[in-house]
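Undergrad: Dropping a structure here in structure tokens format, bear with me for questions.
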Amino acid sequence: MKNISRMEAVQSPIIPIVAELIKNNPGTISLGQGVVSYSPPPEAIELLPKFLAEPTNNLYKAVEGIPPLLAAIEAKLHAFNKIEINDENCIVVTAGSNMAFMNAILAITSIGDEIILNTPYYFNHEMATTIAGCHPVLVETDENYQLRVDAIAQAITSKTKAIVTISPNNPTGVVYSEEALREVNLLCKERNIYHINDEAYEYFTYDGVKHTSPGAFSGSSEYTISLYSLSKAYGFASWRIGYMVIPKHLLVAVKKVQDTIVICPAVISQYAALGALQAKEEYLKNNLEAIASVRYDVLNSLNRLQNQCTITPADGAFYFFLKVHTQMDTLELVERLIKEHQVAVLPGTTFGMDKGCYLRVGYGALQKETAKEGIERLVTGLQTILANK
């Protein structure tokens, strides 16, 4: 009898599966991947000669990151997030914020512990929790994908080690209010568990909505873990640089994990990240305005689906999460959209939404005209398929 690997309990990533369907249907426009269309700022590239000029940069560097980058991140956290680095917390540079989440879970749990995820969840969070031998405890959000703090409180048991929130949210695009995040953060303090907040989309908010960092709440440093990424705002997806702000008492454990998996994030990428954080203000401003313009067009087109879908307001990230009014299998619908209408989206099942038909629509990866064409194909495709089902 063959041994069952723990990995058999882990879902397969959906993006490669959808990518294969796209490859087999040339001309398909993808509204699937969560990346931006623009490149890193020139300052990131300009710092690479400095990396190459240092003869010892081929050697391993500090597990937690190179000192100039740590200093730049500390300044950014102070200016944008209102998070102060003090005696109770510290920064660790990671190979993307997915690694930061894995670091956190392995550092705070034992096998069999529980992590509370709000559904729809980000699939890599659920996967990491399972890989660590822990149990994801799923708590449904409300009809607008906002947190239900009472339901979260009821889900806490003696095995709970953390509550995970993502704001702005992937996959829904919603932004949690400061009040809701404060309630969750206080709940974590009262129950002696950690609050892990994923802030990968911190810059992507619209219509005057403000981003909130729980790590800035007074007295929260000892139990709040904040995760960040350069992949989105700085076009850094393949450079693999993120960072985490953690309670100081977790540093030894996090360094053990990181030293085992990667030793240190790629130093050349850390130099590029240092350059990126020194980019002119116009870089972020202009790129975020361009995405906001695409978002406006996408929302206008999606509103034509009011009879076929529930379109929840989303003030952040670069996603809309559609509830499709159909009994059709979600993956079948995704496959038909690709094969018959040459447009790709992600199925809600991969985000833990097994009851009903949900689709994640991403618009950050496309230039304005391509996004417009892609969303038109989606609207027409859904109208056609649902009318003839």
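Naming scheme: A, B, ... for chains in displayed order of the structure tokens; residues 1 onward per chain; ligands 1 onward as shown.
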Excluding same-chain residues fewer than 3 positions from segment 326-329 of chain A, what lies within 12 Å of it counting only C-alpha atoms, as a list of chain:residue names?

TA: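 So, after excluding close chain neighbours, the residues are A:Asn307, A:Gln308, A:Cys309, A:Thr310, A:Leu322, A:Lys323, A:Glu332, A:Leu333, A:Val334, A:Glu335, A:Arg336, A:Pro347, A:Gly348, A:Thr349, A:Met353, A:Asp354, A:Lys355, A:Gly356, A:Cys357, A:Tyr358, A:Leu359, A:Leu382, A:Gln383, A:Ile385, A:Leu386, A:Ala387, A:Asn388, A:Lys389.
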
Undergrad: Could you list, with a cut-off of 12 Å and counting only C-alpha atoms, the residues of segment 276-301 of chain A near segment 12-36 of chain A, each shown with its nearest atom pair and the distance in Å rounded to one decimal, rows sorted by chain and ascending number, as CSV?

TA:
residue,atom,partner,partner_atom,distance
A:Leu284,CA,A:Val36,CA,11.9
A:Asn287,CA,A:Val36,CA,9.2
A:Leu288,CA,A:Val36,CA,9.9
A:Ala290,CA,A:Val36,CA,10.7
A:Ile291,CA,A:Val36,CA,8.6
A:Val294,CA,A:Val36,CA,11.7
A:Val298,CA,A:Leu31,CA,10.9

Undergrad: Based on the selection just made, write N, CA and C atoms of those residues as an mmCIF file, in the first residue's frame.

TA:
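Written out: part24.cif:
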data_model
loop_
_atom_site.group_PDB
_atom_site.id
_atom_site.type_symbol
_atom_site.label_atom_id
_atom_site.label_comp_id
_atom_site.auth_asym_id
_atom_site.auth_seq_id
_atom_site.Cartn_x
_atom_site.Cartn_y
_atom_site.Cartn_z
ATOM 1 N N LEU A 284 4.400 55.627 -9.128
ATOM 2 C CA LEU A 284 3.202 54.997 -8.565
ATOM 3 C C LEU A 284 1.944 55.750 -8.966
ATOM 4 N N ASN A 287 0.919 55.117 -12.699
ATOM 5 C CA ASN A 287 0.491 53.737 -12.954
ATOM 6 C C ASN A 287 -0.816 53.401 -12.247
ATOM 7 N N LEU A 288 -0.979 53.909 -11.038
ATOM 8 C CA LEU A 288 -2.230 53.652 -10.316
ATOM 9 C C LEU A 288 -3.401 54.375 -10.968
ATOM 10 N N ALA A 290 -3.651 54.928 -14.168
ATOM 11 C CA ALA A 290 -3.951 54.158 -15.381
ATOM 12 C C ALA A 290 -4.819 52.948 -15.037
ATOM 13 N N ILE A 291 -4.506 52.256 -13.933
ATOM 14 C CA ILE A 291 -5.310 51.104 -13.523
ATOM 15 C C ILE A 291 -6.702 51.549 -13.093
ATOM 16 N N VAL A 294 -8.740 51.915 -16.179
ATOM 17 C CA VAL A 294 -9.161 50.601 -16.686
ATOM 18 C C VAL A 294 -10.310 50.070 -15.834
ATOM 19 N N VAL A 298 -13.996 48.705 -16.953
ATOM 20 C CA VAL A 298 -14.395 47.335 -16.626
ATOM 21 C C VAL A 298 -15.728 47.335 -15.887
#

Undergrad: Using only C-alpha atoms, which residues sit within 10 Å of Met102 of chain A once same-chain residues fewer than 5 positions away are excluded, as a count of residues only?

TA: 12

Undergrad: Identify, with DSSP run on backbone atoms, the residues in segment 13-207 of chain A assigned to strand (DSSP E or B), and express the list as a PyMOL selection string.

TA: chain A and resi 29-30+89-94+114-119+135-140+160-166+194-198+205

Undergrad: For a quick check of understanding, using only C-alpha atoms, which of A:Ala155, A:Val343, A:Leu250, A:Leu378 has the smallest distance to Tyr194 of chain A?

TA: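 Ranking A:Ala155, A:Val343, A:Leu250, A:Leu378 by distance to Tyr194 of chain A, first place goes to A:Leu250.
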
Undergrad: List the spatial neighbours of Lys159 of chain A as a PyMOL selection string - criterion: any atom at most 9 Å away, only C-alpha atoms, same-chain residues fewer than 2 positions off excluded.

TA: chain A and resi 112-115+156-157+161

Undergrad: Emit the selected residues as a tab-separated table (two decimals), in the first residue's frame, including N, CA and C atoms.

TA:
chain	number	residue	atom	x	y	z
A	112	GLY	N	-1.48	20.28	13.45
A	112	GLY	CA	-2.81	20.12	14.02
A	112	GLY	C	-3.45	21.42	14.50
A	113	ASP	N	-2.68	22.51	14.52
A	113	ASP	CA	-3.24	23.80	14.90
A	113	ASP	C	-4.18	24.33	13.82
A	114	GLU	N	-4.92	25.38	14.17
A	114	GLU	CA	-5.92	25.94	13.26
A	114	GLU	C	-5.61	27.39	12.90
A	115	ILE	N	-5.89	27.72	11.65
A	115	ILE	CA	-5.74	29.08	11.16
A	115	ILE	C	-7.09	29.50	10.57
A	156	ILE	N	-13.12	30.59	16.85
A	156	ILE	CA	-11.88	30.42	17.61
A	156	ILE	C	-12.01	29.25	18.59
A	157	THR	N	-10.98	28.39	18.58
A	157	THR	CA	-10.93	27.27	19.54
A	157	THR	C	-9.58	27.31	20.25
A	161	LYS	N	-4.43	29.56	16.11
A	161	LYS	CA	-3.18	30.29	16.30
A	161	LYS	C	-3.22	31.68	15.64

Undergrad: List every residue of segment 110-301 of chain A that DSSP, applied to the backbone of this structure, places in helix (DSSP H, G or I), and write the result as number ranges by chain.

TA: A: 123-131, 149-155, 178-191, 214-216, 237-239, 248-261, 267-276, 281-301

Undergrad: Taking only C-alpha atoms into account, produce a table as a Markdown table in which each residue of segment 200-269 of chain A with an atom at most 10 Å from an atom of segment 273-279 of chain A appears once, together with its shortest atom pair and the distance in Å to one decimal, ordered by chain and rising number.

TA:
| residue | atom | partner | partner_atom | distance |
| --- | --- | --- | --- | --- |
| A:Leu230 | CA | A:Ala273 | CA | 7.6 |
| A:Ala233 | CA | A:Ala276 | CA | 10.0 |
| A:Tyr234 | CA | A:Ala276 | CA | 6.9 |
| A:Gly235 | CA | A:Ala276 | CA | 9.6 |
| A:Phe236 | CA | A:Ala273 | CA | 8.3 |
| A:Trp239 | CA | A:Ala273 | CA | 8.6 |
| A:Arg240 | CA | A:Ala273 | CA | 9.5 |
| A:Ile241 | CA | A:Ala273 | CA | 7.1 |
| A:Gly242 | CA | A:Ala273 | CA | 9.0 |
| A:Val267 | CA | A:Ala273 | CA | 9.6 |
| A:Ile268 | CA | A:Ala273 | CA | 8.7 |
| A:Ser269 | CA | A:Ala273 | CA | 6.1 |

Undergrad: Skip Tyr243 of chain A itself and residues of its chain fewer than 5 positions away, then list as a ChimeraX atom specification all residues within 12 Å of it, counting only C-alpha atoms.

TA: /A:63-66,69-70,72-74,76-77,90-104,198-200,225-231,254,258,264-265,270,273

Undergrad: Just the residues within 9 Å of Gln146 of chain A, please, counting only C-alpha atoms, with nothing from its chain fewer than 6 positions along; format it as a compact mmCIF listing (two decimals) with N, CA and C atoms, in the first residue's frame.

TA:
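Written file, result_25.txt:
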# COMPACT_ATOMS: atom_id res chain seq x y z
N VAL A 174 -12.54 43.93 -2.29
CA VAL A 174 -13.12 44.80 -1.25
C VAL A 174 -12.02 45.30 -0.32
N VAL A 175 -12.30 46.42 0.33
CA VAL A 175 -11.38 46.99 1.33
C VAL A 175 -12.09 46.95 2.67
N TYR A 176 -11.43 46.40 3.68
CA TYR A 176 -12.03 46.35 5.01
C TYR A 176 -11.89 47.70 5.70
N SER A 177 -12.90 48.07 6.44
CA SER A 177 -12.87 49.34 7.16
C SER A 177 -11.88 49.28 8.31
N ALA A 180 -13.53 47.51 11.28
CA ALA A 180 -13.57 46.05 11.23
C ALA A 180 -12.20 45.46 11.54

Undergrad: Contacts of Glu183 of chain A at 10 Å or less, counting only C-alpha atoms, minus same-chain residues fewer than 6 places along, as a ChimeraX atom specification?

TA: /A:147,149-150,177,189

Undergrad: With C-alpha atoms kept, could you save the residues just selected as an mmCIF file, in the first residue's frame?

TA:
data_model
loop_
_atom_site.group_PDB
_atom_site.id
_atom_site.type_symbol
_atom_site.label_atom_id
_atom_site.label_comp_id
_atom_site.auth_asym_id
_atom_site.auth_seq_id
_atom_site.Cartn_x
_atom_site.Cartn_y
_atom_site.Cartn_z
ATOM 1 C CA LEU A 147 -15.768 40.544 7.614
ATOM 2 C CA VAL A 149 -16.384 39.569 13.300
ATOM 3 C CA ASP A 150 -18.971 37.713 15.417
ATOM 4 C CA SER A 177 -12.874 49.338 7.162
ATOM 5 C CA LYS A 189 -5.276 40.434 21.585
#

Undergrad: Residues of segment 305-326 of chain A that have any atom at most 12 Å from an atom of segment 205-219 of chain A: could you tabulate them with the shortest-distance atom pair and the distance in Å to one decimal, using only C-alpha atoms, ordered by chain and increasing number, as CSV?

TA:
residue,atom,partner,partner_atom,distance
A:Pro313,CA,A:Tyr206,CA,11.2
A:Ala314,CA,A:Tyr206,CA,8.8
A:Asp315,CA,A:Tyr206,CA,5.3
A:Gly316,CA,A:Thr205,CA,4.3
A:Ala317,CA,A:Thr205,CA,6.5
A:Phe318,CA,A:Thr205,CA,8.9
A:Tyr319,CA,A:Thr205,CA,11.3

Undergrad: With only C-alpha atoms as the basis for distance, which of A:Thr172, A:Thr109, A:Asn118, A:Ser37 is at the shortest distance from Val361 of chain A?

TA: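 Closest residue, counting only C-alpha atoms: A:Thr172.
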